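Structure, as structure tokens:
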Number of protein chains: 2
Amino acid sequence: MNAPTRSPKPPNTRATSLAGRIDLSHGAGGRAMAELIDRVFRPAFANPFDSRGEDQAILPRPAGRIALSTDTFVISPLFFPGGDIGSLAVHGTVNDLAMGGATPLWLTAGFIIEEGFPIADLARIATSMGEAARAAGVAVVTGDTKVVERGKGDGVFINTAGCGVVPDGLEWGARHIRPGDAVIVSGTLGDHGVAVMANRQGLDFETSILSDSAALNGLVGAVIAASPQGVRAMRDPTRGGLSATLNEFCQTAGVGMLLDEAALPIRPEVAGACELLGLDPLNVANEGKLVAVVAPEAAATILAALRAHPLGADAAIIGAVTKARFVRMRTLVGGERMVAWLAGDQLPRIC
Amino acid sequence: MNAPTRSPKPPNTRATSLAGRIDLSHGAGGRAMAELIDRVFRPAFANPFDSRGEDQAILPRPAGRIALSTDTFVISPLFFPGGDIGSLAVHGTVNDLAMGGATPLWLTAGFIIEEGFPIADLARIATSMGEAARAAGVAVVTGDTKVVERGKGDGVFINTAGCGVVPDGLEWGARHIRPGDAVIVSGTLGDHGVAVMANRQGLDFETSILSDSAALNGLVGAVIAASPQGVRAMRDPTRGGLSATLNEFCQTAGVGMLLDEAALPIRPEVAGACELLGLDPLNVANEGKLVAVVAPEAAATILAALRAHPLGADAAIIGAVTKARFVRMRTLVGGERMVAWLAGDQLPRIC
């Protein structure tokens with residue numbers, strides 16, 4: 001945590017209370033900021049690596065190459081079915097590290113809080129972050145808090161940066177993809193984006209749709225244990241959805257893909273909500289799914305490893321890499337269509 | 001850089017131009033975002049570690065313990081005399097690492113941009129960040145871009161997280177401070193805060209006051225070369241100024257300090273501006289200064305090492321650590337006064 005300070009004669013004599021609201025003093029390096037850190041953040045993130053008042057956390061020498069990632073979360077609403085900005089901020093960065101084959105170890109957390117934000121909501125978010133971090137086996141080791149005036153932010157924005165280690169010899173990346181490889185997704189598509197959009201628009205479905213927000217490092221660990229060299233590339237299809245991820249893969253590798261619509265795992269209620277909202281589930285963000293492009297001879301082993309993990313029960317081989325330079329899909333009615341890239345600002349502030 | 005995507009049929013057919021403004025599509029994972037990254041960020045941050053489309057940067061195994069730090073920058077105005085939010089975002093995190101004795105290596109960059117922000121200004125900020133990073137010998141290795149609706153942000157907010165290495169055997173921290181130690185500052189106090197406040201309030205001084213925003217890792221390297229074990233603790237006195245830093249040190253170590261006002265390096269024009277603005281220069285933020293508490297027998301060596309470096313020419317021993325548990329100062333007129341902690345929200349959004 002950055003250096004807290006306090007005044008022997010604070011201008012505002014009430015202590016920071018969980019029933020109160022954020023004011024500018026909570027970001028000014030004064031007593032209120034120190035109290036906020038001590039009452040809200042430090043208990044939520046408790047771990048042996050806490051930087052404890054110094055401006056940097058000092059951590060053990062890691063046994064491997066370093067992976068670094070950063071992601072800023074501006075999702076609206078802050079609380080949504082299946083998660084909140086706090087757990088999402090942990091899952092998003094843990095997953096960005098895991099997709100490179102890294103074991104996530106440490107996170108940093110940077111908060112931009114709008115003046116007037118309820119401290120109880122901030123505590124709920126911090127608690128959720130801490131729980132998500134512990135569940136994922138990572139530690140939030142240092143942080144920073146800034147407060148902006150009312151109307152210069154929107155509740156809370158959170159940046160998390162992550163540091164992990166990559167075993168020597170493990171080199172995943174889209175550049176390794178080649179024709180003949182199998183394309184695997186770890187589970188149902190579109191759950192996060194549809195849950196958030198439905199909640200934002202006040203839609204109420206008979207079957208509640210929950211975000212799939214989850215940390216995937218355990219699932220990736222299962223794949224590494226099963227066939228570390230079988231994986232060409234792995235990515236989590238967040239903003240832009242599956243279609244964006246697959247098109248990026250193909251552009252980088254100079255290849256194409258042919259998908260099988262019948263093989264795509266999509267919940268019926270998500271498919272129905274997409275119809276209603278005018279969305280293509282392939283363009284909708286996921287926050288707890290991975291796409292793996294794998295060597296054909298490793299596909300069955302990796303699929304089995306995914307399905308044996310609770311987060312991969314619905315994993316499926318959804319297609320294969322081709323030489324065609326386009327992502328196409330055999331449809332349910334027997335035709336073929338392009339899987340196009342996301343066209344612009346379809347889903348603002350989805351993460 | 002996070003995964004860019006593009007559409008073969010973008011809804012907005014004009015290409016992202018440096019003469020244009022940010023819209024929501026620049027954060028939506030679409031063609032506009034890919035163009036923004038390719039035109040504005042990638043050239044500015046060019047370095048061999050660029051994550052190049054993957055969601056994480058993979059970096060060499062470091063030779064030491066890891067230091068991690070994060071800082072979010074919400075400064076207003078974005079451009080100020082002596083710097084801008086881009087260079088400040090590099091200097092701030094480089095310095096937070098260096099204050100722990102770490103050699104800063106890699107930065108991540110997370111942007112929250114308000115819809116309507118001029119792309120030319122964003123490019124100027126990114127260029128400034130890249131220049132500051134190269135000058136400091138660090139690389140911006142991965143990043144993330146989010147766009148929020150007009151009125152939900154304030155131009156640009158930037159988070160930087162930093163990763164560095166700490167040599168084995170180097171253990172600085174406020175807990176090591178003891179009575180008899182010397183207190184050293186590396187140069188003049190209050191320049192950053194006064195430059196920003198004067199600019200914000202439209203004040204025009206005869207002598208222009210510039211922010212001291214600078215990367216201090218070179219200066220810290222000179223201290224480490226001279227006397228690595230002579231340093232007890234080091235910190236950069238940013239939000240809350242020198243008084244906050246010294247009070248934090250004393251609270252952590254259970255000691256006090258006695259300063260000598262006559263020894264404090266303060267520019268006459270900064271002292272004058274503080275009078276006019278009603279500020280105590282000891283409470284005003286610095287962004288290119290360090291405070292070192294050092295063993296008495298190492299003080300002369302460390303002072304000489306600081307003074308031999310361009311960023312430490314005005315370094316001075318300003319006092320000593322006492323058993324008294326208060327920070328006090330012998331004034332110019334021969335009295336003694338308390339050096340109080342910052343009282344609340346004196347200088348919002350100074351960094």
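In the structure tokens, chains take the letters A, B, ... in the order shown, each chain's residues start at 1, and ligands count up from 1 in the order shown.
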
**Asked** Can you tell me, as a PyMOL selection string, what residues are no more than 6 Å from region 183-198 of chain A when counting only C-alpha atoms, ignoring any on the same chain fewer than 5 positions away?
**Response** chain A and resi 203+209-212+265-266+281+284-286+289-293+312+314-320

**Item:** Test item: chain B residues at most 7 Å from chain A, counting only C-alpha atoms, as a count of residues only
**Value:** 56

**Message:** Need the shell around Ser227 (chain A): protein/DNA/RNA residues with any atom at most 9 Å away, counting only C-alpha atoms. Skip same-chain ones fewer than 5 positions apart. Format as a list in words?
**Reply:**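 Contacts, in chain order: Ala222, Ala298, Thr301, Ile302 and Ala305 of chain A.
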
**Asked** Looking only at the backbone, which of the residues in region 43-280 of chain A does DSSP tag as alpha helix (DSSP H), as a VMD selection string?
**Response** chain A and resid 43 to 45 85 to 98 119 to 136 191 to 200 217 to 226 241 to 253 268 to 277

**Asked** as a ChimeraX atom specification, which residues of region 58-274 of chain B does DSSP assign to strand (DSSP E or B)?
**Response** /B:58-59,65-73,79-80,83-84,103-114,118,139-148,156-166,182-185,231-235,256-260

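As for CA of Gly256 (chain B) and CA of Leu332 (chain B), they are spaced 20.0 Å apart.
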
**Request:** Find, counting only C-alpha atoms, the residue in B:Phe326, B:Phe80, B:Phe49, B:Phe41 that gets nearest to Ala123 (chain B).
**Result:**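 Of the candidates, the smallest distance to Ala123 (chain B) is held by B:Phe41.
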
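Atom to atom, CA of Val223 (chain B) and CA of Leu306 (chain B) stand 6.7 Å apart.
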
**Fill in**
Expressed in Å, the length from CA of Arg200 (chain B) to CA of Ile113 (chain B) is 20.8 Å
